[in-house]
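Notes follow once the structure below has been shown.
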There are 2 protein chains.
Amino acid sequence: MIYADYNGSAPLLPAVKEYLKVRLESELFANPNAIHSLGQRVSKGIEKCRSIVADVMGCYPDQVIFNSGASEGLSNIITSVLEFADVHKKIIITSPTEHVVLPAAFKFFTERRGFEIKLVPIDSEGRVKVSDLEKLLKENAGKIALVSIMAANNETGVIQPYQEIAKLCTREKVDYLCDTTQLIGKGEFHFEKSGVDYAVCSGHKLGALTGSGFIIAKEPRKIHSMVYGSSQEAGLRGGTQNYIGVETLAVALKDFQSHQTKLSELKVARLAFEEKIKTQFPQVQVIGDQADRLAGTSLIGYPGLHGQAVQIELESHDIFVTTSAACADNQPETSAVLRAMGIDDQLGRSVIRVSLSYSHGGKEYTTLASALAAAYNKLTKIHSF
Amino acid sequence: MIYADYNGSAPLLPAVKEYLKVRLESELFANPNAIHSLGQRVSKGIEKCRSIVADVMGCYPDQVIFNSGASEGLSNIITSVLEFADVHKKIIITSPTEHVVLPAAFKFFTERRGFEIKLVPIDSEGRVKVSDLEKLLKENAGKIALVSIMAANNETGVIQPYQEIAKLCTREKVDYLCDTTQLIGKGEFHFEKSGVDYAVCSGHKLGALTGSGFIIAKEPRKIHSMVYGSSQEAGLRGGTQNYIGVETLAVALKDFQSHQTKLSELKVARLAFEEKIKTQFPQVQVIGDQADRLAGTSLIGYPGLHGQAVQIELESHDIFVTTSAACADNQPETSAVLRAMGIDDQLGRSVIRVSLSYSHGGKEYTTLASALAAAYNKLTKIHSF
């Protein structure tokens with residue numbers, strides 16, 4: 001089996017499985033807010049994990065707020081910032097290629113709270129045009145509540161110029177939320193150096209337990225938890241802490257840190273794979289291939305074929321890919337991200353997403369190339385009848 | 001070791017540990033929203049779990065919305081109901097003994113959205129007075145957005161007349177949120193028969209994984225997720241589903257269902273324990289002992305002693321209890337719940353909470369009684385110096 005849907009969800013890392021096997025044998029299960037020694041040991045464990053996460057992420061421990069994942073994180077940051085924004089700040093600047101959580105949240109705030117969206121134009125690779133962002137920031141100075149532009153796209157793997165964006169936002173004194181869900185655990189990210197105000201993480205994207213995650217906030221006090229409670233997470237996220245999930249986050253990020261050199265190996269193998277397919281099938285296009293992308297992500301299209309047909313062919317070889325984002329995998333249409341990039345339906349409906357992890361170093365690409373070639377050969381024959 | 005803090009958090013059930021050990025060996029890790037067969041198998045697993053949960057809870061599967069736990073559930077229900085309430089409905093009826101999540105959420109809505117709280121008076125056992133609730137409902141007819149009264153109190157274990165409350169609310173056509181966090185997995189609860197509109201559950205309170213939980217909603221479409229996303233949980237809760245957590249919820253609730261007869265055993269043992277202590281120390285009071293309570297919860301006070309001292313004494317015998325709710329365990333004051341019950345500081349500061357689970361059937365009570373007697377003997381000697 002080749003699991004090539006790491007952008008959808010990463011299987012538990014071997015290191016996480018090993019950790020959990022031992023963890024299940026322990027007696028250390030208690031409410032971390034209790035003052036008995038079991039509770040306190042659980043609580044200290046959380047704080048140790050917070051330090052590890054902060055170390056790998058390049059931030060201070062008190063900037064890390066554990067929660068249930070990136071969708072909660074993004075929703076909570078947006079709700080916090082917009083609910084408590086100055087009444088004159090009603091503009092949200094965002095891009096047309098954000099993950100569905102963002103437009104869904106912004107829809108609520110435009111429809112029910114009078115906010116207004118301004119989209120930054122993107123180039124043919126899906127990157128926001130920084131000069132256009134600069135213009136928008138200047139034109140709307142004093143009226144902007146939030147800038148929200150992702151770090152790496154879930155479908156194409158294209159990396160946005162988030163550090164440049166952060167510089168502009170800092171200069172214009174505007175909060176910058178950078179959706180880092182796909183970058184953390186898949187590429188280099190250093191919170192402090194990035195300059196962004198808010199970052200998010202989902203444990204299941206990096207091989208930690210499902211239902212775990214965190215926010216990193218430059219000024220944590222700006223976060224107002226949507227999950228009410230008492231003093232958990234320094235009052236910034238209510239509810240008994242998901243300490244088992246938190247522990248797996250630390251294990252997964254440690255694992256990522258110690259294997260970071262494998263990222264370049266993965267990238268080299270991925271580029272060779274893409275080249276091989278493009279050479280063999282000149283019609284094939286790799287979306288966003290002129291841009292810097294995640295080391296293990298390829299969005300590949302053969303115009304005129306149906307992505308789902310390619311997906312099914314690959315699955316008959318025990319290879320698992322998606323046609324776009326996992327949460328839109330069931331929609332046989334050109335995705336919103338690709339439409340925003342100006343991609344037509346012939347290409348847009350034909351794509352499959354191959355996403356792998358550093359943990360394998362890319363050795364699956366040889367098998368993937370043969371299987372994909374076989375699929376294309378088979379489907380184009382049918383196509384030509 | 002005797003872990004007697006099940007109301008704070010239940011250790012993973014043996015059945016859940018066994019399940020997870022096998023689960024970790026499988027290859028079934030994928031995004032349940034992907035259409036490849038791995039994703040679909042994960043998705044079908046979630047739906048199977050939803051049916052199990054619905055069966056144990058006495059509701060329809062589509063009334064179950066999985067999330068990260070009861071604090072999220074309560075926050076989400078309150079936010080949904082109040083945000084979309086008729087503009088003339090600005091009154092929230094609640095009790096003074098609710099878990100801290102509720103007053104924290106209501107504070108936001110009174111301060112920032114113009115809602116108004118009306119508290120139903122309680123009797124000396126902490127039960128709301130149904131006739132007073134009835135009066136409040138009539139006096140404020142047409143203006144009430146929500147009634148929020150818990151099922152079982154986390155500190156005292158006292159069970160509220162939630163079925164009677166539900167009847168009144170149904171008659172007056174007012175939504176009734178019943179915080180069932182402490183009841184589910186610790187006592188009998190049947191959603192449909194209860195008549196309540198909304199119930200919540202935290203996995204960690206019943207020995208499932210931390211960070212798992214669900215809402216049960218009579219009319220699920222009234223829920224507007226605070227966690228934005230796409231179609232997960234029928235569009236009612238965004239974010240990739242915590243399927244491993246969900247699976248452990250089903251395992252834990254099945255376990256509870258098949259051991260439900262142990263509840264009466266636990267109750268008998270708990271009552272004998274309380275009687276023994278009260279006979280030995282006539283000063284001792286069991287809070288709420290005239291009321292129906294959770295089978296395994298005792299809140300016991302020896303006026304004049306310090307609850308934390310008793311807690312520490314017990315811990316020296318490897319027995320773990322708290323002084324009140326776990327999330328307020330560090331506050332050496334009479335809890336808000338006890339103050340609302342009219343309990344003075346002499347008694348209020350002296351209490352410890354002993355909370356056990358059906359999974360043991362109460363056999364720990366013999367050891368607990370001796371250890372508590374020893375602690376009281378030791379501390380009253382010191383006290384009399």
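Please note that chains go A, B, ... in the order of the structure tokens, that every chain numbers its residues from 1, and that ligands are numbered from 1 in the order shown.
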If you count only C-alpha atoms, which residues fall within 12 Å of B:Val227, apart from same-chain ones fewer than 6 positions away, as an mmCIF file with C-alpha atoms, in the first residue's frame?
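Final output, out.cif:
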```cif
data_model
loop_
_atom_site.group_PDB
_atom_site.id
_atom_site.type_symbol
_atom_site.label_atom_id
_atom_site.label_comp_id
_atom_site.auth_asym_id
_atom_site.auth_seq_id
_atom_site.Cartn_x
_atom_site.Cartn_y
_atom_site.Cartn_z
ATOM 1 C CA ASN A 67 -7.040 23.069 21.207
ATOM 2 C CA SER A 68 -8.810 20.503 18.996
ATOM 3 C CA GLY A 69 -7.140 21.398 15.692
ATOM 4 C CA ALA A 70 -6.679 23.979 12.980
ATOM 5 C CA SER A 71 -10.357 24.469 12.085
ATOM 6 C CA GLU A 72 -11.043 25.417 15.679
ATOM 7 C CA GLY A 73 -7.866 27.500 15.769
ATOM 8 C CA LEU A 74 -8.733 29.491 12.655
ATOM 9 C CA SER A 75 -12.348 29.961 13.766
ATOM 10 C CA ASN A 76 -11.236 31.086 17.208
ATOM 11 C CA ILE A 77 -8.635 33.560 15.953
ATOM 12 C CA ILE A 78 -11.088 35.090 13.472
ATOM 13 C CA THR A 79 -13.840 35.295 16.084
ATOM 14 C CA VAL A 100 -12.797 26.395 3.191
ATOM 15 C CA VAL A 101 -12.800 27.204 6.948
ATOM 16 C CA LEU A 102 -11.768 30.789 6.201
ATOM 17 C CA ALA A 104 -17.044 29.945 5.837
ATOM 18 C CA ALA A 105 -16.049 32.006 8.883
ATOM 19 C CA PHE A 108 -20.724 34.694 8.979
ATOM 20 C CA SER A 225 -11.795 31.407 23.734
ATOM 21 C CA MET A 226 -14.956 30.323 21.972
ATOM 22 C CA VAL A 227 -14.903 27.319 24.283
ATOM 23 C CA PHE B 66 -19.293 14.742 17.584
ATOM 24 C CA ASN B 67 -16.947 17.451 18.858
ATOM 25 C CA SER B 68 -14.064 17.943 21.298
ATOM 26 C CA GLU B 72 -17.220 22.990 23.449
ATOM 27 C CA GLY B 73 -20.687 21.456 23.299
ATOM 28 C CA SER B 75 -20.450 26.833 24.390
ATOM 29 C CA ASN B 76 -21.660 25.883 20.942
ATOM 30 C CA THR B 79 -23.816 30.471 21.023
ATOM 31 C CA SER B 80 -26.163 28.875 18.461
ATOM 32 C CA GLU B 233 -20.918 16.244 10.890
ATOM 33 C CA GLY B 235 -22.254 20.696 8.311
ATOM 34 C CA LEU B 236 -22.853 21.072 12.048
ATOM 35 C CA ARG B 237 -19.229 20.892 13.232
ATOM 36 C CA GLY B 238 -16.283 21.776 11.012
ATOM 37 C CA GLY B 239 -12.821 20.287 11.183
ATOM 38 C CA THR B 240 -11.570 16.822 10.304
ATOM 39 C CA GLN B 241 -13.449 14.403 12.553
#
```
7 Å contacts from chain B to chain A using only C-alpha atoms, as a ChimeraX atom specification: /B:8-11,17,21,24,29-31,33-36,68,71-72,75,100-101,104-105,210-211,226-230,238-239,242-244,320,322,326-327,329-330
Env of B:Leu253: 8 Å cut, atoms = only C-alpha atoms, seq-sep filter 6 positions within chain, self excluded. Answer as a PDB file with C-alpha atoms, in the first residue's frame.
```
ATOM      1  CA  ILE B  52     -23.928   2.907  18.919  1.00  0.00           C
ATOM      2  CA  VAL B  53     -23.893   6.232  20.752  1.00  0.00           C
ATOM      3  CA  VAL B  56     -27.047   3.876  24.274  1.00  0.00           C
ATOM      4  CA  GLY B 185     -21.636   7.302  31.711  1.00  0.00           C
ATOM      5  CA  LEU B 206     -16.382   8.194  30.978  1.00  0.00           C
TER       6      LEU B 206
END
```
Sel. of alpha helix (DSSP H) residues, stretch 64-275 of chain A, as JSON, numbers by chain: {"A": [70, 71, 72, 73, 74, 75, 76, 77, 78, 79, 80, 81, 82, 83, 101, 102, 103, 104, 105, 106, 107, 108, 109, 110, 111, 112, 113, 130, 131, 132, 133, 134, 135, 136, 137, 138, 139, 162, 163, 164, 165, 166, 167, 168, 169, 170, 171, 191, 192, 193, 194, 243, 244, 245, 246, 247, 248, 249, 250, 251, 252, 253, 254, 255, 256, 257, 258, 262, 263, 264, 265, 266, 267, 268, 269, 270, 271, 272, 273, 274, 275]}
Pull C-alpha atoms from the residues just selected and write them as a compact mmCIF listing (two decimals), in the first residue's frame.
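After the write, out09.txt holds the following:
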```txt
# COMPACT_ATOMS: atom_id res chain seq x y z
CA ALA A 70 -6.68 23.98 12.98
CA SER A 71 -10.36 24.47 12.09
CA GLU A 72 -11.04 25.42 15.68
CA GLY A 73 -7.87 27.50 15.77
CA LEU A 74 -8.73 29.49 12.65
CA SER A 75 -12.35 29.96 13.77
CA ASN A 76 -11.24 31.09 17.21
CA ILE A 77 -8.63 33.56 15.95
CA ILE A 78 -11.09 35.09 13.47
CA THR A 79 -13.84 35.30 16.08
CA SER A 80 -11.47 36.83 18.64
CA VAL A 81 -10.02 39.42 16.32
CA LEU A 82 -13.26 40.44 14.60
CA GLU A 83 -15.45 40.44 17.71
CA VAL A 101 -12.80 27.20 6.95
CA LEU A 102 -11.77 30.79 6.20
CA PRO A 103 -14.46 31.77 3.66
CA ALA A 104 -17.04 29.94 5.84
CA ALA A 105 -16.05 32.01 8.88
CA PHE A 106 -15.85 35.24 6.89
CA LYS A 107 -19.32 34.61 5.44
CA PHE A 108 -20.72 34.69 8.98
CA PHE A 109 -18.93 37.93 9.75
CA THR A 110 -19.91 39.65 6.52
CA GLU A 111 -23.55 38.57 6.72
CA ARG A 112 -24.11 39.11 10.44
CA ARG A 113 -21.49 41.61 11.60
CA VAL A 130 2.46 41.27 -2.77
CA SER A 131 2.37 44.63 -4.55
CA ASP A 132 -1.42 44.37 -4.80
CA LEU A 133 -1.63 43.54 -1.13
CA GLU A 134 0.51 46.58 -0.39
CA LYS A 135 -1.89 48.72 -2.39
CA LEU A 136 -4.92 47.29 -0.57
CA LEU A 137 -3.28 47.89 2.77
CA LYS A 138 -2.60 51.52 1.90
CA GLU A 139 -6.01 52.20 0.33
CA TYR A 162 4.01 34.82 4.02
CA GLN A 163 7.17 36.39 5.40
CA GLU A 164 6.85 39.35 3.03
CA ILE A 165 3.16 39.58 3.86
CA ALA A 166 4.01 39.60 7.56
CA LYS A 167 6.48 42.46 7.03
CA LEU A 168 3.85 44.54 5.28
CA CYS A 169 1.25 43.81 7.95
CA THR A 170 3.66 44.67 10.75
CA ARG A 171 4.50 47.94 9.02
CA PHE A 191 7.06 31.46 14.16
CA GLU A 192 9.20 34.33 15.37
CA LYS A 193 11.16 34.65 12.14
CA SER A 194 7.98 34.40 10.07
CA TYR A 243 -3.42 15.88 27.34
CA ILE A 244 -3.00 12.62 25.46
CA GLY A 245 -3.40 14.50 22.19
CA VAL A 246 -0.98 17.17 23.41
CA GLU A 247 1.63 14.55 24.23
CA THR A 248 1.39 13.09 20.72
CA LEU A 249 1.82 16.58 19.25
CA ALA A 250 5.14 16.92 21.07
CA VAL A 251 6.23 13.44 19.95
CA ALA A 252 5.28 14.17 16.32
CA LEU A 253 6.98 17.56 16.20
CA LYS A 254 10.14 16.15 17.80
CA ASP A 255 10.10 13.43 15.15
CA PHE A 256 9.71 16.04 12.43
CA GLN A 257 12.56 18.11 13.85
CA SER A 258 14.95 15.18 13.95
CA LYS A 262 14.73 14.29 4.79
CA LEU A 263 12.68 17.14 3.36
CA SER A 264 15.25 17.93 0.67
CA GLU A 265 15.44 14.24 -0.22
CA LEU A 266 11.66 14.21 -0.58
CA LYS A 267 11.68 17.34 -2.73
CA VAL A 268 14.33 15.94 -5.10
CA ALA A 269 12.38 12.69 -5.48
CA ARG A 270 9.11 14.58 -6.04
CA LEU A 271 10.61 16.82 -8.73
CA ALA A 272 12.10 13.78 -10.52
CA PHE A 273 8.70 12.08 -10.38
CA GLU A 274 6.95 15.11 -11.86
CA GLU A 275 9.59 15.44 -14.60
```
d(atom CA of B:Ser335, atom CA of B:Leu347) in Å: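 Spanning atom CA of B:Ser335 to atom CA of B:Leu347 is a straight-line distance of 10.8 Å.
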Residues of stretch 45-123 of chain A in strand (DSSP E or B), written as an NGL selection string: :A and (64-67 or 91-94 or 116-119 or 122)
